[in-house]
$ cat protein07.txt   # compact mmCIF, C-alpha atoms
# COMPACT_ATOMS: atom_id res chain seq x y z
CA MET X 1 9.35 31.57 -16.17
CA ALA X 2 10.24 32.61 -12.63
CA ARG X 3 6.91 34.42 -12.32
CA MET X 4 5.10 31.28 -13.37
CA ALA X 5 6.96 29.26 -10.73
CA ARG X 6 6.06 31.81 -8.05
CA LEU X 7 2.43 31.73 -9.16
CA LEU X 8 2.32 27.94 -8.92
CA ARG X 9 3.90 28.03 -5.45
CA ALA X 10 1.47 30.72 -4.29
CA MET X 11 -1.54 28.76 -5.53
CA PRO X 12 -0.97 25.04 -4.98
CA GLU X 13 -4.32 24.22 -6.59
CA LEU X 14 -2.91 25.33 -9.96
CA MET X 15 0.02 22.98 -9.43
CA PHE X 16 -2.42 20.14 -8.67
CA LEU X 17 -4.18 20.80 -11.98
CA VAL X 18 -0.94 20.98 -13.97
CA LYS X 19 0.42 17.77 -12.43
CA GLY X 20 -2.96 16.08 -12.89
CA MET X 21 -3.11 17.01 -16.55
CA ALA X 22 0.41 15.70 -17.04
CA ALA X 23 -0.49 12.44 -15.30
CA ALA X 24 -3.67 12.08 -17.39
CA MET X 25 -1.87 12.53 -20.71
CA ARG X 26 -1.59 8.80 -21.39
CA SER X 27 -5.32 8.29 -20.88
CA VAL X 28 -6.11 11.36 -22.95
CA VAL X 29 -3.98 10.08 -25.85
CA PHE X 30 -5.73 6.70 -25.79
CA THR X 31 -9.15 8.37 -25.60
CA PHE X 32 -8.30 10.51 -28.63
CA GLY X 33 -7.10 7.37 -30.38
CA LEU X 34 -10.47 5.73 -29.69
CA LEU X 35 -12.24 8.85 -30.94
CA THR X 36 -10.15 8.80 -34.12
CA ILE X 37 -11.08 5.16 -34.78
CA ILE X 38 -14.78 5.90 -34.26
CA VAL X 39 -14.63 8.95 -36.52
CA TYR X 40 -12.74 6.94 -39.19
CA VAL X 41 -15.26 4.07 -39.21
CA PHE X 42 -18.23 6.42 -39.41
CA ALA X 43 -16.49 8.54 -42.08
CA ILE X 44 -16.14 5.45 -44.27
CA ALA X 45 -19.81 4.60 -43.73
CA PHE X 46 -21.05 8.13 -44.49
CA THR X 47 -18.80 8.47 -47.52
CA GLN X 48 -20.11 5.19 -48.97
CA LEU X 49 -23.76 5.82 -48.12
CA CYS X 50 -23.79 9.42 -49.40
CA ASP X 51 -22.16 8.60 -52.73
CA GLU X 52 -24.13 10.20 -55.61
CA SER X 53 -26.68 11.83 -53.30
CA PRO X 54 -27.36 15.40 -52.12
CA CYS X 55 -25.26 14.91 -48.98
CA GLU X 56 -22.19 13.95 -51.05
CA ALA X 57 -20.89 17.54 -50.78
CA SER X 58 -20.50 17.10 -47.03
CA PHE X 59 -19.13 13.55 -47.23
CA SER X 60 -17.13 13.61 -50.47
CA SER X 61 -14.03 11.73 -49.25
CA VAL X 62 -12.98 9.89 -46.10
CA PRO X 63 -10.62 12.66 -44.86
CA HIS X 64 -13.25 15.32 -45.58
CA SER X 65 -15.90 13.19 -43.88
CA MET X 66 -13.63 12.69 -40.85
CA HIS X 67 -13.16 16.44 -40.50
CA TYR X 68 -16.87 17.07 -40.97
CA LEU X 69 -17.84 14.41 -38.40
CA LEU X 70 -15.28 15.64 -35.89
CA VAL X 71 -16.39 19.26 -36.06
CA LYS X 72 -20.13 18.77 -36.53
CA GLY X 73 -20.65 15.59 -34.51
CA ALA X 74 -17.96 15.07 -31.87
CA LEU X 75 -17.56 18.77 -31.08
CA MET X 76 -21.32 19.36 -31.61
CA ASP X 77 -21.04 22.38 -33.93
CA SER X 78 -24.26 22.95 -35.92
CA VAL X 79 -25.76 19.53 -35.25
CA GLY X 80 -29.15 20.76 -36.41
CA GLU X 81 -27.88 21.56 -39.91
CA VAL X 82 -26.49 18.06 -40.37
CA THR X 83 -29.62 16.51 -38.87
CA SER X 84 -31.91 18.31 -41.33
CA LEU X 85 -29.57 17.49 -44.25
CA LEU X 86 -29.54 13.78 -43.42
CA GLU X 87 -33.24 13.69 -42.53
CA ARG X 88 -34.11 14.88 -46.06
CA GLN X 89 -31.80 12.23 -47.48
CA SER X 90 -32.77 9.12 -45.50
CA TYR X 91 -33.84 8.05 -42.05
CA MET X 92 -31.13 5.38 -42.07
CA LEU X 93 -28.49 8.10 -42.44
CA LEU X 94 -30.19 10.05 -39.66
CA CYS X 95 -30.07 7.01 -37.34
CA LEU X 96 -26.40 6.50 -38.25
CA TRP X 97 -25.77 10.19 -37.41
CA TYR X 98 -27.48 9.83 -34.03
CA LEU X 99 -25.46 6.69 -33.34
CA PHE X 100 -22.26 8.59 -34.17
CA ILE X 101 -23.22 11.43 -31.82
CA LEU X 102 -24.00 8.88 -29.11
CA PHE X 103 -20.59 7.21 -29.47
CA ALA X 104 -18.33 10.14 -30.28
CA SER X 105 -19.75 13.04 -28.39
CA LEU X 106 -21.72 11.68 -25.50
CA THR X 107 -19.73 8.57 -24.64
CA VAL X 108 -16.09 9.21 -25.57
CA MET X 109 -15.98 12.90 -24.68
CA ASN X 110 -17.69 12.33 -21.33
CA MET X 111 -15.34 9.42 -20.68
CA LEU X 112 -12.45 11.78 -21.37
CA ILE X 113 -13.81 14.31 -18.87
CA GLY X 114 -14.28 11.57 -16.28
CA VAL X 115 -10.74 10.26 -16.73
CA ILE X 116 -9.22 13.73 -16.41
CA CYS X 117 -11.30 14.54 -13.30
CA GLU X 118 -10.38 11.24 -11.65
CA VAL X 119 -6.66 11.62 -12.32
CA VAL X 120 -6.58 15.26 -11.24
CA SER X 121 -8.39 14.44 -7.99
CA ALA X 122 -5.99 11.53 -7.29
CA VAL X 123 -2.98 13.77 -7.92
CA ALA X 124 -4.46 16.51 -5.72
CA LYS X 125 -5.03 14.01 -2.91
CA CYS X 126 -1.45 12.76 -3.21
CA GLU X 127 -0.04 16.30 -3.28
CA LYS X 128 -2.08 17.33 -0.23
CA GLU X 129 -0.82 14.28 1.62
CA THR X 130 2.76 15.13 0.66
CA MET X 131 2.27 18.71 1.86
CA MET X 132 0.81 17.46 5.16
CA ILE X 133 3.73 15.07 5.71
CA SER X 134 6.16 17.89 5.02
CA TYR X 135 4.31 20.16 7.46
CA VAL X 136 4.28 17.52 10.21
CA LYS X 137 7.97 16.79 9.66
CA GLU X 138 8.78 20.50 9.89
CA LYS X 139 6.82 20.88 13.14
CA ILE X 140 8.40 17.77 14.69
CA GLU X 141 11.87 19.07 13.78
CA GLU X 142 10.91 22.36 15.41
CA LEU X 143 9.99 20.47 18.57
CA LEU X 144 13.26 18.56 18.51
CA GLN X 145 15.24 21.80 18.14
CA ASP X 146 13.36 23.38 21.06
CA GLY X 147 14.75 20.78 23.43
CA ALA X 148 12.21 17.97 23.29
CA ASP X 149 15.03 15.62 22.30
CA GLU X 150 17.07 15.67 25.52
CA ASN X 151 19.76 13.22 24.42
CA ASP X 152 20.07 14.58 20.81
CA ASP X 153 19.54 11.19 19.14
CA GLN X 154 16.84 12.60 16.77
CA GLN X 155 14.29 10.21 18.29
CA ILE X 156 11.64 10.82 20.89
CA SER X 157 11.58 8.32 23.74
CA ARG X 158 8.55 7.63 25.89
CA LYS X 159 9.96 9.82 28.69
CA GLU X 160 10.69 12.68 26.24
CA PHE X 161 7.15 12.38 24.84
CA LEU X 162 5.61 12.53 28.32
CA ASP X 163 7.78 15.58 29.08
CA MET X 164 6.53 17.20 25.84
CA LEU X 165 2.95 16.79 27.05
CA GLU X 166 3.78 19.12 29.93
CA ASN X 167 5.28 21.76 27.60
CA LYS X 168 2.65 24.29 26.44
CA LYS X 169 4.38 25.10 23.11
CA ALA X 170 4.79 21.39 22.36
CA LEU X 171 1.09 20.81 23.02
CA ILE X 172 0.15 23.59 20.60
CA ILE X 173 2.38 22.11 17.89
CA LEU X 174 1.06 18.59 18.48
CA ARG X 175 -2.54 19.87 18.22
CA GLU X 176 -1.70 21.69 14.97
CA VAL X 177 -0.49 18.47 13.36
CA GLY X 178 -3.40 16.43 14.68
CA VAL X 179 -1.67 14.34 17.37
$ encode --input "protein07.txt" --output "structure tokens"
Amino acid sequence: MARMARLLRAMPELMFLVKGMAAAMRSVVFTFGLLTIIVYVFAIAFTQLCDESPCEASFSSVPHSMHYLLVKGALMDSVGEVTSLLERQSYMLLCLWYLFILFASLTVMNMLIGVICEVVSAVAKCEKETMMISYVKEKIEELLQDGADENDDQQISRKEFLDMLENKKALIILREVGV
């Protein structure tokens, strides 16, 4: 566990991804819920329409149809086999299959990818901003410890700031933080 913590500290980008995935979990759960509803509705339709036909082996019951549609349609495993099976059966079933692929695979799965990318990029932006604030705070405290704060009130007055502009080390630090 300690090695994992060191790895995440050494590579902040990994931490951004982990925090982003954690933040996106709610959206991911709702997207999978939507996918489940779509798969369920189409499983009922395929089970009813394939009753007493050659494609009944693939769509024998609603749970079996849901599994079949998830693997073959949403995850796009052997789409061609299902397409040729349904094409021999009926063009209406083939159109229903294409509609399922459009909804489940192309729309919902791409929406899921978009949501995860958006959340991860927002978390990364927030984390980078937090790191920058921490860096600036550290550098300002370094300036204060080096004597920029003449009266030790932990605040920089106008006079102290003007004096800092004459200090070479202070100028370097201020340039580093973008002031």
$ residues_around --input "protein07.txt" --residues "stretch 100-105 of chain X" --least-positions-apart "4" --cutoff "6 Å" --atoms "all atoms listed in the file" --output "PDB file with C-alpha atoms, keeping the file's coordinate frame"
ATOM      1  CA  GLY X  73     -20.650  15.590 -34.510  1.00  0.00           C
ATOM      2  CA  ALA X  74     -17.960  15.070 -31.870  1.00  0.00           C
ATOM      3  CA  MET X 109     -15.980  12.900 -24.680  1.00  0.00           C
TER       4      MET X 109
END
$ residues_around --input "protein07.txt" --residues "stretch 127-138 of chain X" --least-positions-apart "5" --cutoff "9 Å" --atoms "only C-alpha atoms" --output "PyMOL selection string"
chain X and resi 12+16+122+143+174+176-178
$ closest_residue --input "protein07.txt" --among "X:Gln154, X:Ser90, X:Ser121, X:Ser27" --to "X:Phe46" --atoms "all atoms listed in the file"
X:Ser90
$ residues_around --input "protein07.txt" --residues "X:Pro63" --least-positions-apart "4" --cutoff "12 Å" --atoms "all atoms listed in the file" --output "MDAnalysis selection string"
chainID X and resid 36 39:44 46:47 58:59 67:70
$ residues_near_point --input "protein07.txt" --point "(-15.0, 4.5, -27.0)" --cutoff "7 Å" --atoms "all atoms listed in the file" --output "NGL selection string"
:X and (34-35 or 103 or 107-108)
$ atom_distance --input "protein07.txt" --atom1 "atom CA of X:Ser53" --atom2 "atom CA of X:Leu106"
28.2 Å
$ atom_distance --input "protein07.txt" --atom1 "atom CA of X:Cys55" --atom2 "atom CA of X:Ile37"
22.3 Å
$ atom_distance --input "protein07.txt" --atom1 "atom CA of X:Met4" --atom2 "atom CA of X:Leu112"
27.4 Å
$ closest_residue --input "protein07.txt" --among "X:Ala24, X:Leu75, X:Ile113, X:Leu93" --to "X:Gln48" --atoms "all atoms listed in the file"
X:Leu93
$ closest_residue --input "protein07.txt" --among "X:Val28, X:Arg3, X:Ala170, X:Leu17" --to "X:Val115" --atoms "all atoms listed in the file"
X:Val28
$ closest_residue --input "protein07.txt" --among "X:Asp152, X:Met21, X:Arg175, X:Leu49" --to "X:Leu96" --atoms "all atoms listed in the file"
X:Leu49
